[in-house]
file start.csv (CSV, C-alpha atoms and all ligand atoms)
chain,number,residue,atom,x,y,z
Z,76,MET,CA,1.2,-40.1,5.1
Z,77,ASP,CA,-1.7,-38.6,7.2
Z,78,PRO,CA,-3.9,-36.8,4.7
Z,79,ARG,CA,-4.3,-33.9,7.0
Z,80,LEU,CA,-0.5,-33.5,7.3
Z,81,LYS,CA,-0.3,-33.7,3.5
Z,82,GLN,CA,-2.9,-31.0,3.1
Z,83,LEU,CA,-1.0,-28.8,5.6
Z,84,GLU,CA,2.2,-29.2,3.7
Z,85,ARG,CA,0.5,-28.3,0.5
Z,86,LYS,CA,-0.9,-25.1,2.2
Z,87,GLN,CA,2.6,-24.2,3.5
Z,88,LYS,CA,4.1,-24.7,0.0
Z,89,LEU,CA,1.3,-22.6,-1.6
Z,90,TYR,CA,1.9,-19.9,1.1
Z,91,SER,CA,5.6,-19.7,0.4
Z,92,LEU,CA,5.0,-19.5,-3.4
Z,93,LEU,CA,2.5,-16.7,-2.9
Z,94,LYS,CA,4.9,-14.9,-0.6
Z,95,ALA,CA,7.6,-15.0,-3.2
Z,96,GLN,CA,5.1,-13.8,-5.8
Z,97,HIS,CA,4.1,-11.0,-3.5
Z,98,GLU,CA,7.7,-9.8,-3.3
Z,99,THR,CA,8.1,-10.1,-7.0
Z,100,GLU,CA,5.0,-7.9,-7.6
Z,101,LEU,CA,6.3,-5.3,-5.1
Z,102,LYS,CA,9.7,-5.3,-6.9
Z,103,GLU,CA,7.9,-4.7,-10.2
Z,104,LEU,CA,5.9,-1.9,-8.8
Z,105,MET,CA,8.9,-0.1,-7.4
Z,106,HIS,CA,10.7,-0.5,-10.8
Z,107,TYR,CA,7.7,0.9,-12.8
Z,108,MET,CA,7.4,3.8,-10.4
Z,109,SER,CA,11.0,4.6,-10.7
Z,110,ILE,CA,10.9,4.7,-14.5
Z,111,LEU,CA,7.7,6.7,-14.6
Z,112,THR,CA,9.5,9.9,-13.6
Z,113,SER,CA,11.9,9.8,-16.5
Z,114,VAL,CA,9.3,9.0,-19.2
Z,115,GLU,CA,7.6,11.7,-21.2
Z,116,ASN,CA,6.0,9.6,-23.9
Z,117,ASN,CA,2.2,9.4,-23.3
Z,118,LEU,CA,1.8,5.8,-24.6
Z,119,VAL,CA,4.7,4.5,-22.5
Z,120,ARG,CA,3.3,6.4,-19.5
Z,121,THR,CA,-0.2,4.8,-20.1
Z,122,TYR,CA,1.5,1.4,-20.3
Z,123,LEU,CA,3.3,2.0,-17.1
Z,124,HIS,CA,0.1,3.1,-15.3
Z,125,THR,CA,-1.6,-0.1,-16.5
Z,126,LEU,CA,1.3,-2.2,-15.2
Z,127,LEU,CA,1.1,-0.3,-11.8
Z,128,THR,CA,-2.7,-0.6,-11.3
Z,129,ASP,CA,-2.6,-4.3,-12.4
Z,130,GLY,CA,0.3,-4.9,-10.0
Z,131,LEU,CA,-1.5,-3.2,-7.1
Z,132,ARG,CA,-4.6,-5.4,-7.8
Z,133,HIS,CA,-2.5,-8.5,-7.9
Z,134,ILE,CA,-0.9,-7.7,-4.6
Z,135,GLU,CA,-4.3,-7.2,-3.1
Z,136,TYR,CA,-5.6,-10.5,-4.3
Z,137,ILE,CA,-2.4,-12.4,-3.3
Z,138,SER,CA,-2.4,-10.8,0.2
Z,139,ARG,CA,-6.0,-11.8,0.6
Z,140,ILE,CA,-5.3,-15.4,-0.2
Z,141,MET,CA,-2.3,-15.4,2.1
Z,142,ALA,CA,-4.4,-13.9,4.9
Z,143,ASP,CA,-6.9,-16.7,4.4
Z,144,ILE,CA,-4.2,-19.3,4.8
Z,145,GLU,CA,-2.9,-17.6,7.9
Z,146,GLY,CA,-6.4,-17.7,9.3
Z,147,ALA,CA,-8.7,-15.1,10.7
Z,148,THR,CA,-6.0,-13.9,13.1
Z,149,GLY,CA,-3.8,-12.9,10.3
Z,150,SER,CA,-5.7,-9.6,9.7
Z,151,SER,CA,-3.4,-7.6,11.9
Z,152,SER,CA,-3.7,-4.4,9.9
Z,153,LEU,CA,-7.2,-3.3,11.0
Z,154,THR,CA,-6.4,-2.8,14.7
Z,155,THR,CA,-6.8,0.4,16.6
Z,156,LYS,CA,-3.1,0.4,17.3
Z,157,GLY,CA,-2.2,-0.2,13.6
Z,158,ILE,CA,-4.5,2.6,12.5
Z,159,GLN,CA,-3.1,5.0,15.0
Z,160,GLU,CA,0.4,4.3,13.7
Z,161,SER,CA,-0.8,5.0,10.1
Z,162,ILE,CA,-2.4,8.2,11.3
Z,163,ALA,CA,0.9,9.3,12.8
Z,164,ASP,CA,2.7,8.4,9.6
Z,165,GLU,CA,0.3,10.3,7.4
Z,166,ALA,CA,0.4,13.3,9.7
Z,167,GLN,CA,4.2,13.2,9.5
Z,168,SER,CA,4.1,13.1,5.7
Z,169,ARG,CA,1.6,16.0,5.7
Z,170,ASP,CA,3.9,18.2,7.8
Z,171,ALA,CA,7.1,17.1,5.9
Z,172,LEU,CA,5.5,17.9,2.5
Z,173,LEU,CA,4.3,21.2,3.7
Z,174,LYS,CA,7.8,22.1,4.8
Z,175,CYS,CA,9.2,20.9,1.5
Z,176,ALA,CA,6.6,23.2,-0.3
Z,177,GLU,CA,7.7,26.2,1.7
Z,178,MET,CA,11.3,25.4,0.8
Z,179,ALA,CA,10.6,25.0,-3.0
Z,180,ASP,CA,11.7,28.1,-5.1
Z,181,ASP,CA,9.6,27.2,-8.1
Z,182,PRO,CA,5.9,28.0,-7.4
Z,183,GLU,CA,4.6,25.1,-9.5
Z,184,THR,CA,6.7,22.7,-7.5
Z,185,ALA,CA,5.5,24.3,-4.3
Z,186,GLU,CA,1.8,23.8,-5.5
Z,187,ILE,CA,2.4,20.1,-6.3
Z,188,LEU,CA,3.9,19.5,-2.9
Z,189,LYS,CA,1.2,21.4,-1.2
Z,190,SER,CA,-1.5,19.4,-3.0
Z,191,ILE,CA,0.2,16.1,-1.9
Z,192,SER,CA,0.2,17.5,1.7
Z,193,VAL,CA,-3.6,18.2,1.4
Z,194,ASP,CA,-4.1,14.6,0.2
Z,195,GLU,CA,-2.2,13.4,3.3
Z,196,GLU,CA,-4.5,15.4,5.5
Z,197,HIS,CA,-7.4,13.7,3.8
Z,198,HIS,CA,-5.8,10.3,4.5
Z,199,VAL,CA,-5.6,11.3,8.2
Z,200,LYS,CA,-9.3,12.1,8.1
Z,201,ILE,CA,-10.1,8.8,6.4
Z,202,LEU,CA,-8.0,6.8,8.9
Z,203,GLU,CA,-9.7,8.7,11.8
Z,204,HIS,CA,-13.1,7.6,10.5
Z,205,LEU,CA,-11.8,4.1,10.0
Z,206,SER,CA,-10.6,4.0,13.6
Z,207,GLU,CA,-14.1,5.1,14.8
Z,208,LEU,CA,-15.6,2.3,12.7
Z,209,VAL,CA,-13.3,-0.3,14.1
Z,210,GLU,CA,-13.9,1.0,17.7
Z,211,SER,CA,-17.7,0.9,17.3
Z,212,ALA,CA,-17.5,-2.6,15.8
Z,213,LYS,CA,-15.9,-3.9,19.0
C,301,FE,FE,-1.0,9.2,2.4
call {"tool": "encode", "arguments": {"input": "start.csv", "output": "structure tokens"}}
result
Amino acid sequence: MDPRLKQLERKQKLYSLLKAQHETELKELMHYMSILTSVENNLVRTYLHTLLTDGLRHIEYISRIMADIEGATGSSSLTTKGIQESIADEAQSRDALLKCAEMADDPETAEILKSISVDEEHHVKILEHLSELVESAK
């Protein structure tokens, strides 16, 4: 077989294995996040946080390798259009969480929801700056 074709096949195989691993890592993250809410024990919570941060890092590495295989064109996320969509999502989250905070009867719950809303506002600002950087790099 043509060695170049053989190499391409190997790459495709590697890509599909990485894609499957990417999905597995995501599934694990979702699972750990869902149990985190029901766990009070500090050691168990620390373990879950470790599993979550490791999983996040693994997803980052795997995504990077996959993007390399896809080629330079695979970096579709850092486009002005993509960032604008993210800004809209974050702004929507900010407004929704503020509304939830207003509806919460318990003041502590309201404060937590408000603080998440403030974070979302901060995310909007970060993305706006990111958008400026992408624009000026054009
Ligand atoms: Fe956010």
call {"tool": "residues_near_ligand", "arguments": {"input": "start.csv", "ligand": "ligand FE 301 (chain C)", "cutoff": "10 Å", "atoms": "all atoms listed in the file", "output": "list in words"}}
result
Ser161, Ile162, Asp164, Glu165, Ala166, Gln167, Ser168, Arg169, Ile191, Ser192, Val193, Asp194, Glu195, Glu196, His197, His198, Val199, Ile201 and Leu202 of chain Z
call {"tool": "write_last_selection", "arguments": {"input": "start.csv", "atoms": "C-alpha atoms", "output": "PDB file, in the coordinates of the input"}}
result
ATOM      1  CA  SER Z 161      -0.800   5.000  10.100  1.00  0.00           C
ATOM      2  CA  ILE Z 162      -2.400   8.200  11.300  1.00  0.00           C
ATOM      3  CA  ASP Z 164       2.700   8.400   9.600  1.00  0.00           C
ATOM      4  CA  GLU Z 165       0.300  10.300   7.400  1.00  0.00           C
ATOM      5  CA  ALA Z 166       0.400  13.300   9.700  1.00  0.00           C
ATOM      6  CA  GLN Z 167       4.200  13.200   9.500  1.00  0.00           C
ATOM      7  CA  SER Z 168       4.100  13.100   5.700  1.00  0.00           C
ATOM      8  CA  ARG Z 169       1.600  16.000   5.700  1.00  0.00           C
ATOM      9  CA  ILE Z 191       0.200  16.100  -1.900  1.00  0.00           C
ATOM     10  CA  SER Z 192       0.200  17.500   1.700  1.00  0.00           C
ATOM     11  CA  VAL Z 193      -3.600  18.200   1.400  1.00  0.00           C
ATOM     12  CA  ASP Z 194      -4.100  14.600   0.200  1.00  0.00           C
ATOM     13  CA  GLU Z 195      -2.200  13.400   3.300  1.00  0.00           C
ATOM     14  CA  GLU Z 196      -4.500  15.400   5.500  1.00  0.00           C
ATOM     15  CA  HIS Z 197      -7.400  13.700   3.800  1.00  0.00           C
ATOM     16  CA  HIS Z 198      -5.800  10.300   4.500  1.00  0.00           C
ATOM     17  CA  VAL Z 199      -5.600  11.300   8.200  1.00  0.00           C
ATOM     18  CA  ILE Z 201     -10.100   8.800   6.400  1.00  0.00           C
ATOM     19  CA  LEU Z 202      -8.000   6.800   8.900  1.00  0.00           C
TER      20      LEU Z 202
END
call {"tool": "atom_distance", "arguments": {"input": "start.csv", "atom1": "CA of Leu188 (chain Z)", "atom2": "CA of Thr112 (chain Z)"}}
result
15.4 Å
call {"tool": "residues_around", "arguments": {"input": "start.csv", "residues": "region 95-105 of chain Z", "least_positions_apart": "3", "cutoff": "12 Å", "atoms": "all atoms listed in the file", "output": "list in words"}}
result
Lys88, Leu89, Tyr90, Ser91, Leu92, Met108, Ser109, Ile110, Leu111, Thr112, Leu123, His124, Thr125, Leu126, Leu127, Thr128, Asp129, Gly130, Leu131, Arg132, His133, Ile134, Glu135, Tyr136, Ile137, Ser138, Arg139, Ile140 and Met141 of chain Z
call {"tool": "atom_distance", "arguments": {"input": "start.csv", "atom1": "CA of Ala163 (chain Z)", "atom2": "CA of Glu177 (chain Z)"}}
result
21.3 Å
call {"tool": "atom_distance", "arguments": {"input": "start.csv", "atom1": "CA of Lys213 (chain Z)", "atom2": "CA of Leu153 (chain Z)"}}
result
11.8 Å
call {"tool": "closest_residue", "arguments": {"input": "start.csv", "among": "Z:Leu83, Z:Asn116, Z:Glu160, Z:Thr154", "to": "Ala212 (chain Z)", "atoms": "all atoms listed in the file"}}
result
Z:Thr154
call {"tool": "closest_residue", "arguments": {"input": "start.csv", "among": "Z:Glu145, Z:Glu203, Z:Glu115, Z:Glu186", "to": "Ile158 (chain Z)", "atoms": "all atoms listed in the file"}}
result
Z:Glu203
call {"tool": "residues_around", "arguments": {"input": "start.csv", "residues": "Ala176 (chain Z)", "least_positions_apart": "2", "cutoff": "6 Å", "atoms": "all atoms listed in the file", "output": "PDB file with C-alpha atoms, keeping the file's coordinate frame"}}
result
ATOM      1  CA  LEU Z 173       4.300  21.200   3.700  1.00  0.00           C
ATOM      2  CA  LYS Z 174       7.800  22.100   4.800  1.00  0.00           C
ATOM      3  CA  MET Z 178      11.300  25.400   0.800  1.00  0.00           C
ATOM      4  CA  ALA Z 179      10.600  25.000  -3.000  1.00  0.00           C
ATOM      5  CA  ALA Z 185       5.500  24.300  -4.300  1.00  0.00           C
ATOM      6  CA  LEU Z 188       3.900  19.500  -2.900  1.00  0.00           C
ATOM      7  CA  LYS Z 189       1.200  21.400  -1.200  1.00  0.00           C
TER       8      LYS Z 189
END
call {"tool": "closest_residue", "arguments": {"input": "start.csv", "among": "Z:Asp181, Z:Ser190, Z:Leu208, Z:Ile144", "to": "Gln82 (chain Z)", "atoms": "all atoms listed in the file"}}
result
Z:Ile144
call {"tool": "decode", "arguments": {"input": "start.csv", "residues": "region 96-160 of chain Z", "atoms": "C-alpha atoms", "output": "JSON list (two decimals), in the first residue's frame"}}
result
[["chain", "number", "residue", "atom", "x", "y", "z"],
["Z", 96, "GLN", "CA", -11.99, 9.36, 24.39],
["Z", 97, "HIS", "CA", -13.13, 12.98, 24.25],
["Z", 98, "GLU", "CA", -16.75, 11.83, 24.61],
["Z", 99, "THR", "CA", -15.84, 9.51, 27.48],
["Z", 100, "GLU", "CA", -14.07, 12.32, 29.34],
["Z", 101, "LEU", "CA", -17.10, 14.60, 28.85],
["Z", 102, "LYS", "CA", -19.40, 11.88, 30.18],
["Z", 103, "GLU", "CA", -17.17, 11.45, 33.23],
["Z", 104, "LEU", "CA", -17.18, 15.20, 33.89],
["Z", 105, "MET", "CA", -20.98, 15.33, 33.73],
["Z", 106, "HIS", "CA", -21.21, 12.41, 36.12],
["Z", 107, "TYR", "CA", -18.78, 13.88, 38.68],
["Z", 108, "MET", "CA", -20.55, 17.23, 38.52],
["Z", 109, "SER", "CA", -23.90, 15.59, 39.14],
["Z", 110, "ILE", "CA", -22.69, 13.75, 42.25],
["Z", 111, "LEU", "CA", -20.83, 16.78, 43.60],
["Z", 112, "THR", "CA", -24.13, 18.42, 44.61],
["Z", 113, "SER", "CA", -25.17, 15.51, 46.81],
["Z", 114, "VAL", "CA", -21.83, 15.02, 48.59],
["Z", 115, "GLU", "CA", -21.07, 16.75, 51.90],
["Z", 116, "ASN", "CA", -17.91, 14.89, 52.88],
["Z", 117, "ASN", "CA", -14.87, 17.12, 52.30],
["Z", 118, "LEU", "CA", -12.46, 14.36, 51.30],
["Z", 119, "VAL", "CA", -14.90, 13.00, 48.75],
["Z", 120, "ARG", "CA", -15.52, 16.54, 47.44],
["Z", 121, "THR", "CA", -11.77, 17.09, 47.10],
["Z", 122, "TYR", "CA", -11.45, 13.82, 45.18],
["Z", 123, "LEU", "CA", -14.30, 14.85, 42.87],
["Z", 124, "HIS", "CA", -12.70, 18.26, 42.28],
["Z", 125, "THR", "CA", -9.44, 16.51, 41.35],
["Z", 126, "LEU", "CA", -11.27, 14.24, 38.92],
["Z", 127, "LEU", "CA", -13.02, 17.28, 37.41],
["Z", 128, "THR", "CA", -9.92, 19.45, 36.98],
["Z", 129, "ASP", "CA", -7.92, 16.51, 35.58],
["Z", 130, "GLY", "CA", -10.76, 15.67, 33.20],
["Z", 131, "LEU", "CA", -10.94, 19.27, 32.01],
["Z", 132, "ARG", "CA", -7.19, 19.26, 31.33],
["Z", 133, "HIS", "CA", -7.43, 15.93, 29.50],
["Z", 134, "ILE", "CA", -10.21, 17.27, 27.29],
["Z", 135, "GLU", "CA", -8.08, 20.31, 26.51],
["Z", 136, "TYR", "CA", -5.08, 18.18, 25.50],
["Z", 137, "ILE", "CA", -7.16, 15.75, 23.47],
["Z", 138, "SER", "CA", -8.98, 18.60, 21.68],
["Z", 139, "ARG", "CA", -5.64, 20.16, 20.80],
["Z", 140, "ILE", "CA", -4.32, 16.92, 19.30],
["Z", 141, "MET", "CA", -7.58, 16.49, 17.36],
["Z", 142, "ALA", "CA", -7.35, 20.08, 16.04],
["Z", 143, "ASP", "CA", -3.77, 19.38, 14.90],
["Z", 144, "ILE", "CA", -4.98, 16.37, 12.94],
["Z", 145, "GLU", "CA", -7.84, 18.38, 11.44],
["Z", 146, "GLY", "CA", -5.32, 20.96, 10.33],
["Z", 147, "ALA", "CA", -5.03, 24.67, 10.93],
["Z", 148, "THR", "CA", -8.53, 25.20, 9.52],
["Z", 149, "GLY", "CA", -9.99, 23.19, 12.40],
["Z", 150, "SER", "CA", -9.71, 26.11, 14.82],
["Z", 151, "SER", "CA", -13.27, 27.28, 14.20],
["Z", 152, "SER", "CA", -13.87, 28.51, 17.75],
["Z", 153, "LEU", "CA", -11.84, 31.72, 17.68],
["Z", 154, "THR", "CA", -13.80, 33.48, 14.95],
["Z", 155, "THR", "CA", -15.55, 36.80, 15.44],
["Z", 156, "LYS", "CA", -18.87, 35.09, 14.74],
["Z", 157, "GLY", "CA", -18.19, 32.31, 17.27],
["Z", 158, "ILE", "CA", -17.20, 34.84, 19.93],
["Z", 159, "GLN", "CA", -20.33, 36.93, 19.25],
["Z", 160, "GLU", "CA", -22.45, 33.82, 19.81]]
